[in-house]
Amino acid sequence: MTKIYVLRIGHRPGRDKRITTHVFLVARAFGAHGFILGDTIDEKIAETYRKITDRWGGRRFFFTMGVSSRKTVENWKRDGGVVVHLTMYGIHIDDVINEIRGLGKDILVVVGAEKVPRFFYENADYNIAIGHQPHSEVAALAIFLDRFYQGKELYLTYPDAKILIIPSAKGKKVITVANKEKADKDHCRQGTNRDGC
Ligand code: SAM
């Protein structure tokens, strides 16, 4: 199975805390397998990772920070993976998403903050536009993952979650892990459990 990791580059602690947190949340919730915060250590992001995965599951979701973004890209390619850089200047997603899915290779998705250095345009295997208007790394990542997984990621659950939401037309229904076994079995039957049961 293809594994998708998200590399967040250009993060400025303080200024980008909220948006980088949202990049991580989307990566985890929309079916990626890991999140890498390049070149920077930000304990606030690490704290969010710990809190979210402890409560909502995904302790096997990979998280690291402070590693060189450029080396991560180089190593990913050396190891046979594909590097996708999301940028409004790239090729329209509709023109390449089937090809990328068909490669069956692990994917590193690079998303930027402010000015993205040329290195990433030149070393990406694919520079992909989610439309050609400027918007946000959070929106771009969400749509990339959704197009890649063709909507199936919205049924994702994590088996190590302590709590689960029971969909409800009104109000909030949440069950704790004690009642989770039945819910897991249901998800296994639907084929939407993260570990494939
Ligand atoms: N001006 C920056 C640059 O040099 O490309 C982009 C800044 S934008 C606020 C931050 C990130 O959002 C980009 O690096 C890109 O990953 C993502 N992004 C924004 N609009 C996008 C689009 N239309 N398609 C793909 N990615 C986009």
# chains A, B, ... in the order shown; residues from 1 in each chain; ligands from 1
call {"tool": "select_by_dssp", "arguments": {"residues": "region 15-166 of chain A", "states": "strand (DSSP E)", "output": "ChimeraX atom specification"}}
result
/A:34-38,62-67,82-92,107-111,126-129,163-165
call {"tool": "closest_atom_pairs", "arguments": {"of": "chain A", "to": "ligand 1", "cutoff": "6 Å", "atoms": "only C-alpha atoms and all ligand atoms", "output": "tab-separated table"}}
result
residue	atom	partner	partner_atom_place_in_ligand_line	distance
A:Leu86	CA	ligand 1	26 (N)	4.1
A:Thr87	CA	ligand 1	26 (N)	3.6
A:Met88	CA	ligand 1	22 (C)	3.6
A:Val111	CA	ligand 1	16 (O)	3.6
A:Gly112	CA	ligand 1	14 (O)	3.2
A:Ala113	CA	ligand 1	10 (C)	4.2
A:Glu114	CA	ligand 1	7 (C)	4.5
A:Lys115	CA	ligand 1	4 (O)	3.8
A:Val116	CA	ligand 1	4 (O)	4.2
A:Ala129	CA	ligand 1	24 (N)	3.8
A:Ile130	CA	ligand 1	24 (N)	3.8
A:Gly131	CA	ligand 1	23 (N)	4.8
A:His132	CA	ligand 1	23 (N)	4.7
A:Gln133	CA	ligand 1	23 (N)	4.6
A:Pro134	CA	ligand 1	20 (N)	4.0
A:His135	CA	ligand 1	20 (N)	4.0
A:Ser136	CA	ligand 1	12 (O)	4.1
A:Glu137	CA	ligand 1	12 (O)	3.4
A:Ala140	CA	ligand 1	26 (N)	4.8
call {"tool": "closest_residue", "arguments": {"among": "A:Ile93, A:Ile52, A:Leu156, A:Val67", "to": "Ile143 (chain A)", "atoms": "only C-alpha atoms"}}
result
A:Ile93
call {"tool": "residues_around", "arguments": {"residues": "Asp54 (chain A)", "least_positions_apart": "5", "cutoff": "8 Å", "atoms": "only C-alpha atoms", "output": "PDB file with N, CA and C atoms, in the first residue's frame"}}
result
ATOM      1  N   ARG A  59      -1.304   6.685  17.184  1.00  0.00           N
ATOM      2  CA  ARG A  59       0.038   6.769  17.774  1.00  0.00           C
ATOM      3  C   ARG A  59       1.087   6.172  16.842  1.00  0.00           C
ATOM      4  N   ALA A 161      -7.928   4.779  19.078  1.00  0.00           N
ATOM      5  CA  ALA A 161      -8.643   5.960  19.583  1.00  0.00           C
ATOM      6  C   ALA A 161      -9.264   5.670  20.948  1.00  0.00           C
ATOM      7  N   LYS A 162      -9.268   6.662  21.804  1.00  0.00           N
ATOM      8  CA  LYS A 162      -9.941   6.508  23.099  1.00  0.00           C
ATOM      9  C   LYS A 162     -11.398   6.910  22.994  1.00  0.00           C
TER      10      LYS A 162
END
call {"tool": "residues_around", "arguments": {"residues": "Ile166 (chain A)", "least_positions_apart": "6", "cutoff": "10 Å", "atoms": "only C-alpha atoms", "output": "MDAnalysis selection string"}}
result
chainID A and resid 172:175 183
call {"tool": "closest_residue", "arguments": {"among": "A:Gly171, A:Val96, A:Ile165, A:Gly57", "to": "Ala29 (chain A)", "atoms": "only C-alpha atoms"}}
result
A:Gly57
call {"tool": "select_by_dssp", "arguments": {"residues": "region 82-135 of chain A", "states": "helix (DSSP H, G or I)", "output": "NGL selection string"}}
result
:A and (93-95 or 97-103 or 118-123)
call {"tool": "atom_distance", "arguments": {"atom1": "CA of Phe30 (chain A)", "atom2": "CA of Leu154 (chain A)"}}
result
6.5 Å
call {"tool": "closest_residue", "arguments": {"among": "A:Val109, A:Gly104, A:Asn123, A:Ser69", "to": "Val6 (chain A)", "atoms": "only C-alpha atoms"}}
result
A:Val109
call {"tool": "residues_around", "arguments": {"residues": "Ile4 (chain A)", "least_positions_apart": "4", "cutoff": "6 Å", "atoms": "only C-alpha atoms", "output": "list of chain:residue names"}}
result
A:Ala32, A:His33, A:Asp106, A:Ile107, A:Leu108
call {"tool": "write_last_selection", "arguments": {"atoms": "N, CA and C atoms", "output": "PDB file, in the first residue's frame"}}
result
ATOM      1  N   ALA A  32      -3.008  10.481   5.473  1.00  0.00           N
ATOM      2  CA  ALA A  32      -1.553  10.387   5.336  1.00  0.00           C
ATOM      3  C   ALA A  32      -1.014   9.508   6.466  1.00  0.00           C
ATOM      4  N   HIS A  33       0.234   9.082   6.323  1.00  0.00           N
ATOM      5  CA  HIS A  33       0.826   8.164   7.301  1.00  0.00           C
ATOM      6  C   HIS A  33       1.859   8.838   8.196  1.00  0.00           C
ATOM      7  N   ASP A 106       5.592   5.216  -2.626  1.00  0.00           N
ATOM      8  CA  ASP A 106       5.370   6.103  -1.476  1.00  0.00           C
ATOM      9  C   ASP A 106       5.546   7.558  -1.910  1.00  0.00           C
ATOM     10  N   ILE A 107       4.720   8.421  -1.319  1.00  0.00           N
ATOM     11  CA  ILE A 107       4.665   9.820  -1.771  1.00  0.00           C
ATOM     12  C   ILE A 107       5.027  10.762  -0.622  1.00  0.00           C
ATOM     13  N   LEU A 108       5.914  11.701  -0.918  1.00  0.00           N
ATOM     14  CA  LEU A 108       6.208  12.796   0.003  1.00  0.00           C
ATOM     15  C   LEU A 108       5.518  14.034  -0.560  1.00  0.00           C
TER      16      LEU A 108
END
call {"tool": "closest_residue", "arguments": {"among": "A:Gly102, A:Arg55, A:Asp16, A:Gly31", "to": "Gly151 (chain A)", "atoms": "only C-alpha atoms"}}
result
A:Gly31
call {"tool": "residues_around", "arguments": {"residues": "Phe35 (chain A)", "least_positions_apart": "3", "cutoff": "8 Å", "atoms": "only C-alpha atoms", "output": "mmCIF file with C-alpha atoms, in the first residue's frame"}}
result
data_model
loop_
_atom_site.group_PDB
_atom_site.id
_atom_site.type_symbol
_atom_site.label_atom_id
_atom_site.label_comp_id
_atom_site.auth_asym_id
_atom_site.auth_seq_id
_atom_site.Cartn_x
_atom_site.Cartn_y
_atom_site.Cartn_z
ATOM 1 C CA TYR A 5 4.041 11.556 4.256
ATOM 2 C CA VAL A 6 3.587 15.311 4.448
ATOM 3 C CA LEU A 7 6.620 17.607 4.619
ATOM 4 C CA ARG A 8 5.814 21.083 5.924
ATOM 5 C CA PHE A 24 -0.782 18.180 10.637
ATOM 6 C CA ALA A 27 -2.557 14.972 7.182
ATOM 7 C CA ARG A 28 -3.631 12.679 10.010
ATOM 8 C CA ALA A 32 -1.553 10.387 5.336
ATOM 9 C CA PHE A 61 1.188 8.018 12.722
ATOM 10 C CA PHE A 62 4.775 9.131 12.117
ATOM 11 C CA PHE A 63 5.834 12.553 13.412
ATOM 12 C CA THR A 64 9.202 14.219 13.356
#
call {"tool": "closest_residue", "arguments": {"among": "A:Arg60, A:Phe120, A:Thr21, A:Arg70", "to": "Glu47 (chain A)", "atoms": "only C-alpha atoms"}}
result
A:Thr21
call {"tool": "closest_residue", "arguments": {"among": "A:Ala169, A:Ile100, A:Val23, A:Ile163", "to": "Val82 (chain A)", "atoms": "only C-alpha atoms"}}
result
A:Ile100
call {"tool": "atom_distance", "arguments": {"atom1": "CA of Thr20 (chain A)", "atom2": "CA of Thr48 (chain A)"}}
result
10.5 Å
call {"tool": "atom_distance", "arguments": {"atom1": "CA of Lys3 (chain A)", "atom2": "CA of Lys105 (chain A)"}}
result
7.6 Å
